[in-house]
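Presented below is the structure to which this report refers.
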Amino acid sequence: TTDSTNARARRLAELGWPDGSVVVAESQTAGRGRLGRRWLCPEGAGILVSVILPHPGSAMVTWLTAAGALALADSVEGAMGGVGPRPARLMIEWPNDIVISDPSADGGRRKVGGILVEARPSGAGLRATAVLGAGLNVDVREEEFPPELRAAAGSLVQAFGVSPDRREVFLRYLAALEARVECLADLGDELRERSFTLGREVELPPAPGGDPRYGRAVGIDDEMRLVVEL
C-alpha cells in the first residue's frame with residue numbers, strides 16, 4: 001500500500017472493527033511518523049503493522065508507545081537468537097525510535113524502527129480507541145534509503161549482516177505487545193534499561209525568542225516524560 005497502515009487502521013476502527021484487529025502492509029511510501037515525518041519502506045523489506053487497541057485512558061496512553069517499542073525490540077532479539085556474526089541489541093531513543101548503536105552514524109546510532117500511537121476519545125457514536133503503528137527496517141539496503149537519511153537510518157541486515165524471518169518477528173511482536181499492553185503501568189524499568197537516551201546530552205526546544213538549551217537526560221518519569229538536568 002502507498003497509504004499509512006495507521007490511516008487504514010483508523011478507518012477500520014471507525015467502521016466498528018474489534019479491538020485487536022491488525023493491518024499489515026508489504027511496502028509503504030506515505031507512512032506517517034512523529035512531527036509530520038514520512039516513513040518509506042521498499043516491497044518486502046520491512047515490517048509495517050498497525051493494531052487497533054482499546055483506549056487505556058489519558059493517564060496511560062503515552063505508555064502505549066513504550067509497549068510497542070519494547071515489544072518490537074524484544075521480538076527482533078528473540079527471532080535472531082544466535083543467528084549472525086554478532087548478537088542483536090536494540091535500544092529505544094526516547095520517545096519512540098528503535099535504534100542500534102553505531103559510532104559512525106549521526107548521533108552515534110542508526111534508526112531501524114519507530115512507533116506511532118494515534119489515540120481517539122469516544123464521541124459522535126464512536127468508541128475510544130488507540131491505533132498503535134510500528135515500522136521496522138529488516139532487509140533495506142543502504143542504497144535504498146534516500147541520500148539525506150543514509151547517515152542516520154539503518155536496517156537489521158545492514159547492522160548485523162543477517163536478517164531474521166519477518167513472519168517470526170511479526171508473530172513474536174503481536175504476542176509481546178499483548179503482554180505489555182496488559183501491564184502498561186509496569187513498563188518503566190524495562191524502558192529505562194533499554195534507553196539509548198539516558199545519560200546523553202539532549203537539545204531542548206528554545207524559549208520564545210531564545211537560543212536552544214541543552215541538558216543531560218537523567219530519567220523517565222511515571223508519565224513517560226524525559227527528565228533533563230540543565
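We label chains A, B, ... in the order they appear in the C-alpha cells, count residues from 1 in each chain, and number ligands from 1 in the order shown.
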
Fewer than 4 positions away in the same chain doesn't count, so skip those; otherwise give me all residues within 12 Å of A:Val112, counting only C-alpha atoms, as a VMD selection string. chain A and resid 39 to 41 45 to 47 69 72 to 73 76 89 to 93 96 to 102 134 to 142 145 149 to 150 152 to 160

I need the residues of stretch 16-70 of chain A that end up classed as helix (DSSP H, G or I) by DSSP on the backbone, written out as a PDB file with C-alpha atoms, in the first residue's frame.
```pdb
ATOM      1  CA  ARG A  34       6.198  11.983  14.504  1.00  0.00           C
ATOM      2  CA  LEU A  35       6.313  15.685  13.587  1.00  0.00           C
ATOM      3  CA  GLY A  36       4.923  15.020  10.104  1.00  0.00           C
ATOM      4  CA  TRP A  63       2.805   4.175  27.697  1.00  0.00           C
ATOM      5  CA  LEU A  64       1.365   2.507  24.592  1.00  0.00           C
ATOM      6  CA  THR A  65       4.366   3.936  22.744  1.00  0.00           C
ATOM      7  CA  ALA A  66       6.703   2.223  25.198  1.00  0.00           C
ATOM      8  CA  ALA A  67       4.715  -1.023  24.921  1.00  0.00           C
ATOM      9  CA  GLY A  68       5.139  -1.042  21.145  1.00  0.00           C
ATOM     10  CA  ALA A  69       8.819  -0.127  21.206  1.00  0.00           C
ATOM     11  CA  LEU A  70       9.708  -2.693  23.866  1.00  0.00           C
TER      12      LEU A  70
END
```

Skipping near chain neighbours, those fewer than 2 positions away, what residues fall within 12 Å of A:Trp17 using only C-alpha atoms, listed as a tab-separated table (two decimals) with all heavy atoms, in the first residue's frame?
```tsv
chain	number	residue	atom	x	y	z
A	8	ARG	N	-5.29	3.34	7.62
A	8	ARG	CA	-6.24	2.26	7.34
A	8	ARG	C	-6.83	1.70	8.63
A	8	ARG	O	-8.02	1.41	8.70
A	8	ARG	CB	-5.54	1.15	6.56
A	8	ARG	CG	-5.19	1.56	5.15
A	8	ARG	CD	-4.79	0.38	4.30
A	8	ARG	NE	-4.65	0.80	2.91
A	8	ARG	CZ	-4.85	0.02	1.86
A	8	ARG	NH1	-5.25	-1.22	2.05
A	8	ARG	NH2	-4.69	0.46	0.65
A	9	ALA	N	-6.00	1.55	9.65
A	9	ALA	CA	-6.50	1.04	10.91
A	9	ALA	C	-7.50	2.01	11.54
A	9	ALA	O	-8.50	1.58	12.13
A	9	ALA	CB	-5.34	0.78	11.87
A	10	ARG	N	-7.25	3.29	11.43
A	10	ARG	CA	-8.21	4.27	11.96
A	10	ARG	C	-9.56	4.13	11.27
A	10	ARG	O	-10.61	4.20	11.91
A	10	ARG	CB	-7.68	5.70	11.78
A	10	ARG	CG	-6.57	6.10	12.73
A	10	ARG	CD	-6.44	7.62	12.80
A	10	ARG	NE	-6.39	8.22	11.48
A	10	ARG	CZ	-5.29	8.37	10.76
A	10	ARG	NH1	-4.14	7.92	11.22
A	10	ARG	NH2	-5.32	8.95	9.57
A	11	ARG	N	-9.53	3.96	9.96
A	11	ARG	CA	-10.80	3.83	9.23
A	11	ARG	C	-11.55	2.57	9.65
A	11	ARG	O	-12.78	2.57	9.78
A	11	ARG	CB	-10.54	3.84	7.72
A	11	ARG	CG	-10.11	5.21	7.20
A	11	ARG	CD	-10.25	5.29	5.68
A	11	ARG	NE	-9.29	4.45	5.00
A	11	ARG	CZ	-8.07	4.83	4.65
A	11	ARG	NH1	-7.66	6.05	4.96
A	11	ARG	NH2	-7.28	4.02	3.99
A	12	LEU	N	-10.81	1.48	9.86
A	12	LEU	CA	-11.46	0.25	10.31
A	12	LEU	C	-12.07	0.44	11.70
A	12	LEU	O	-13.16	-0.06	11.98
A	12	LEU	CB	-10.45	-0.89	10.34
A	12	LEU	CG	-9.93	-1.38	8.98
A	12	LEU	CD1	-8.90	-2.47	9.17
A	12	LEU	CD2	-11.08	-1.86	8.11
A	13	ALA	N	-11.36	1.15	12.58
A	13	ALA	CA	-11.90	1.40	13.92
A	13	ALA	C	-13.20	2.18	13.84
A	13	ALA	O	-14.15	1.92	14.57
A	13	ALA	CB	-10.87	2.16	14.76
A	14	GLU	N	-13.25	3.14	12.91
A	14	GLU	CA	-14.47	3.94	12.75
A	14	GLU	C	-15.62	3.10	12.20
A	14	GLU	O	-16.79	3.44	12.39
A	14	GLU	CB	-14.17	5.13	11.85
A	14	GLU	CG	-13.24	6.16	12.51
A	14	GLU	CD	-12.70	7.17	11.54
A	14	GLU	OE1	-13.07	7.08	10.34
A	14	GLU	OE2	-11.94	8.04	11.97
A	15	LEU	N	-15.28	2.02	11.50
A	15	LEU	CA	-16.31	1.13	10.97
A	15	LEU	C	-16.72	0.06	11.97
A	15	LEU	O	-17.54	-0.81	11.67
A	15	LEU	CB	-15.81	0.46	9.69
A	15	LEU	CG	-15.62	1.38	8.48
A	15	LEU	CD1	-14.92	0.64	7.35
A	15	LEU	CD2	-16.96	1.93	8.01
A	19	ASP	N	-11.38	-4.44	18.75
A	19	ASP	CA	-10.03	-4.27	19.29
A	19	ASP	C	-9.22	-5.53	18.99
A	19	ASP	O	-9.72	-6.65	19.05
A	19	ASP	CB	-10.08	-4.04	20.80
A	19	ASP	CG	-10.84	-2.77	21.16
A	19	ASP	OD1	-10.87	-1.86	20.32
A	19	ASP	OD2	-11.42	-2.71	22.25
A	20	GLY	N	-7.94	-5.33	18.71
A	20	GLY	CA	-7.09	-6.45	18.35
A	20	GLY	C	-6.98	-6.65	16.84
A	20	GLY	O	-6.19	-7.47	16.39
A	21	SER	N	-7.77	-5.91	16.06
A	21	SER	CA	-7.66	-6.01	14.60
A	21	SER	C	-6.29	-5.51	14.16
A	21	SER	O	-5.75	-4.56	14.71
A	21	SER	CB	-8.76	-5.20	13.92
A	21	SER	OG	-10.03	-5.72	14.24
A	22	VAL	N	-5.73	-6.16	13.15
A	22	VAL	CA	-4.36	-5.88	12.71
A	22	VAL	C	-4.36	-5.53	11.22
A	22	VAL	O	-5.01	-6.19	10.42
A	22	VAL	CB	-3.46	-7.12	12.95
A	22	VAL	CG1	-2.05	-6.86	12.44
A	22	VAL	CG2	-3.44	-7.48	14.43
A	23	VAL	N	-3.61	-4.48	10.88
A	23	VAL	CA	-3.43	-4.07	9.49
A	23	VAL	C	-1.94	-4.19	9.16
A	23	VAL	O	-1.10	-3.70	9.90
A	23	VAL	CB	-3.89	-2.61	9.27
A	23	VAL	CG1	-3.62	-2.18	7.83
A	23	VAL	CG2	-5.37	-2.47	9.59
A	51	VAL	N	-2.14	-1.88	14.95
A	51	VAL	CA	-3.08	-2.68	15.74
A	51	VAL	C	-4.10	-1.74	16.39
A	51	VAL	O	-3.71	-0.71	16.97
A	51	VAL	CB	-2.35	-3.49	16.84
A	51	VAL	CG1	-3.33	-4.34	17.62
A	51	VAL	CG2	-1.26	-4.36	16.22
A	52	ILE	N	-5.37	-2.08	16.28
A	52	ILE	CA	-6.42	-1.32	16.94
A	52	ILE	C	-6.53	-1.81	18.38
A	52	ILE	O	-6.71	-3.00	18.63
A	52	ILE	CB	-7.78	-1.50	16.22
A	52	ILE	CG1	-7.68	-1.04	14.76
A	52	ILE	CG2	-8.87	-0.70	16.94
A	52	ILE	CD1	-8.91	-1.36	13.94
A	53	LEU	N	-6.43	-0.86	19.33
A	53	LEU	CA	-6.47	-1.20	20.74
A	53	LEU	C	-7.54	-0.38	21.46
A	53	LEU	O	-7.89	0.72	21.02
A	53	LEU	CB	-5.11	-0.90	21.40
A	53	LEU	CG	-3.90	-1.67	20.86
A	53	LEU	CD1	-2.62	-1.06	21.40
A	53	LEU	CD2	-4.01	-3.14	21.24
A	54	PRO	N	-8.06	-0.88	22.57
A	54	PRO	CA	-8.94	-0.04	23.37
A	54	PRO	C	-8.14	1.11	23.98
A	54	PRO	O	-6.98	0.94	24.35
A	54	PRO	CB	-9.45	-1.00	24.45
A	54	PRO	CG	-8.42	-2.07	24.52
A	54	PRO	CD	-7.85	-2.21	23.15
A	126	LEU	N	-18.75	6.97	18.38
A	126	LEU	CA	-17.59	6.10	18.21
A	126	LEU	C	-16.96	5.78	19.55
A	126	LEU	O	-16.89	6.63	20.44
A	126	LEU	CB	-16.55	6.77	17.31
A	126	LEU	CG	-17.01	7.14	15.90
A	126	LEU	CD1	-15.93	7.94	15.19
A	126	LEU	CD2	-17.39	5.91	15.10
A	127	ARG	N	-16.48	4.55	19.71
A	127	ARG	CA	-15.85	4.17	20.96
A	127	ARG	C	-14.43	4.72	21.01
A	127	ARG	O	-13.83	5.04	19.98
A	127	ARG	CB	-15.84	2.65	21.11
A	127	ARG	CG	-14.84	1.93	20.23
A	127	ARG	CD	-15.05	0.43	20.24
A	127	ARG	NE	-13.95	-0.32	19.68
A	127	ARG	CZ	-13.70	-0.42	18.39
A	127	ARG	NH1	-14.48	0.21	17.52
A	127	ARG	NH2	-12.67	-1.13	17.96
A	129	THR	N	-10.61	4.56	21.04
A	129	THR	CA	-9.64	3.59	20.53
A	129	THR	C	-8.26	4.24	20.47
A	129	THR	O	-8.10	5.45	20.57
A	129	THR	CB	-10.00	3.11	19.11
A	129	THR	OG1	-10.12	4.25	18.25
A	129	THR	CG2	-11.29	2.32	19.10
A	131	VAL	N	-4.71	3.52	17.94
A	131	VAL	CA	-4.07	2.77	16.89
A	131	VAL	C	-2.57	2.84	17.11
A	131	VAL	O	-1.98	3.92	17.14
A	131	VAL	CB	-4.43	3.31	15.49
A	131	VAL	CG1	-3.63	2.59	14.42
A	131	VAL	CG2	-5.92	3.15	15.24
```

TODO: Pick out the residues sitting within 8 Å of A:Met224, and hand them over as a list of chain:residue names; count only C-alpha atoms, and ignore anything fewer than 4 positions along from it in its own chain.
DONE: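 Residues meeting the cut-off are A:Thr62, A:Trp63, A:Gly188, A:Ile220.
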
Please write the residues from the selection above to a file, keeping all heavy atoms, as an mmCIF file, in the first residue's frame.
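The new file part.cif reads:
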```
data_model
loop_
_atom_site.group_PDB
_atom_site.id
_atom_site.type_symbol
_atom_site.label_atom_id
_atom_site.label_comp_id
_atom_site.auth_asym_id
_atom_site.auth_seq_id
_atom_site.Cartn_x
_atom_site.Cartn_y
_atom_site.Cartn_z
ATOM 1 N N THR A 62 0.236 7.369 26.892
ATOM 2 C CA THR A 62 1.616 7.567 26.452
ATOM 3 C C THR A 62 2.435 6.290 26.577
ATOM 4 O O THR A 62 3.400 6.094 25.830
ATOM 5 C CB THR A 62 2.295 8.686 27.252
ATOM 6 O OG1 THR A 62 2.194 8.381 28.647
ATOM 7 C CG2 THR A 62 1.644 10.030 26.998
ATOM 8 N N TRP A 63 2.053 5.415 27.500
ATOM 9 C CA TRP A 63 2.805 4.175 27.697
ATOM 10 C C TRP A 63 2.552 3.158 26.595
ATOM 11 O O TRP A 63 3.266 2.159 26.496
ATOM 12 C CB TRP A 63 2.510 3.586 29.074
ATOM 13 C CG TRP A 63 3.245 4.336 30.143
ATOM 14 C CD1 TRP A 63 2.746 5.285 30.969
ATOM 15 C CD2 TRP A 63 4.632 4.216 30.466
ATOM 16 N NE1 TRP A 63 3.727 5.781 31.792
ATOM 17 C CE2 TRP A 63 4.904 5.130 31.506
ATOM 18 C CE3 TRP A 63 5.677 3.433 29.982
ATOM 19 C CZ2 TRP A 63 6.169 5.288 32.062
ATOM 20 C CZ3 TRP A 63 6.937 3.582 30.535
ATOM 21 C CH2 TRP A 63 7.177 4.497 31.564
ATOM 22 N N GLY A 188 8.081 0.932 33.178
ATOM 23 C CA GLY A 188 9.101 1.947 33.385
ATOM 24 C C GLY A 188 10.509 1.397 33.485
ATOM 25 O O GLY A 188 11.436 1.895 32.829
ATOM 26 N N ILE A 220 13.313 8.919 33.219
ATOM 27 C CA ILE A 220 11.999 8.889 32.582
ATOM 28 C C ILE A 220 10.996 8.719 33.704
ATOM 29 O O ILE A 220 11.091 7.769 34.490
ATOM 30 C CB ILE A 220 11.894 7.731 31.572
ATOM 31 C CG1 ILE A 220 12.913 7.919 30.434
ATOM 32 C CG2 ILE A 220 10.479 7.631 31.009
ATOM 33 C CD1 ILE A 220 13.009 6.756 29.478
#
```

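Compared by their closest atoms to A:Leu226, and using only C-alpha atoms, the residues A:Pro42, A:Pro18, A:Gly199, A:Pro147 rank with A:Gly199 nearest.
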
Query raised in the report: To one decimal place, how far is atom CA of A:Gly81 from atom CA of A:Arg194 in Å?
Result: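 So the two atoms, atom CA of A:Gly81 and atom CA of A:Arg194, lie 17.6 Å apart.
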
Item to check | Residues of stretch 34-153 of chain A in strand (DSSP E), written as a ChimeraX atom specification | outcome: /A:38-41,46-54,91-93,97-101,109-120,129-137
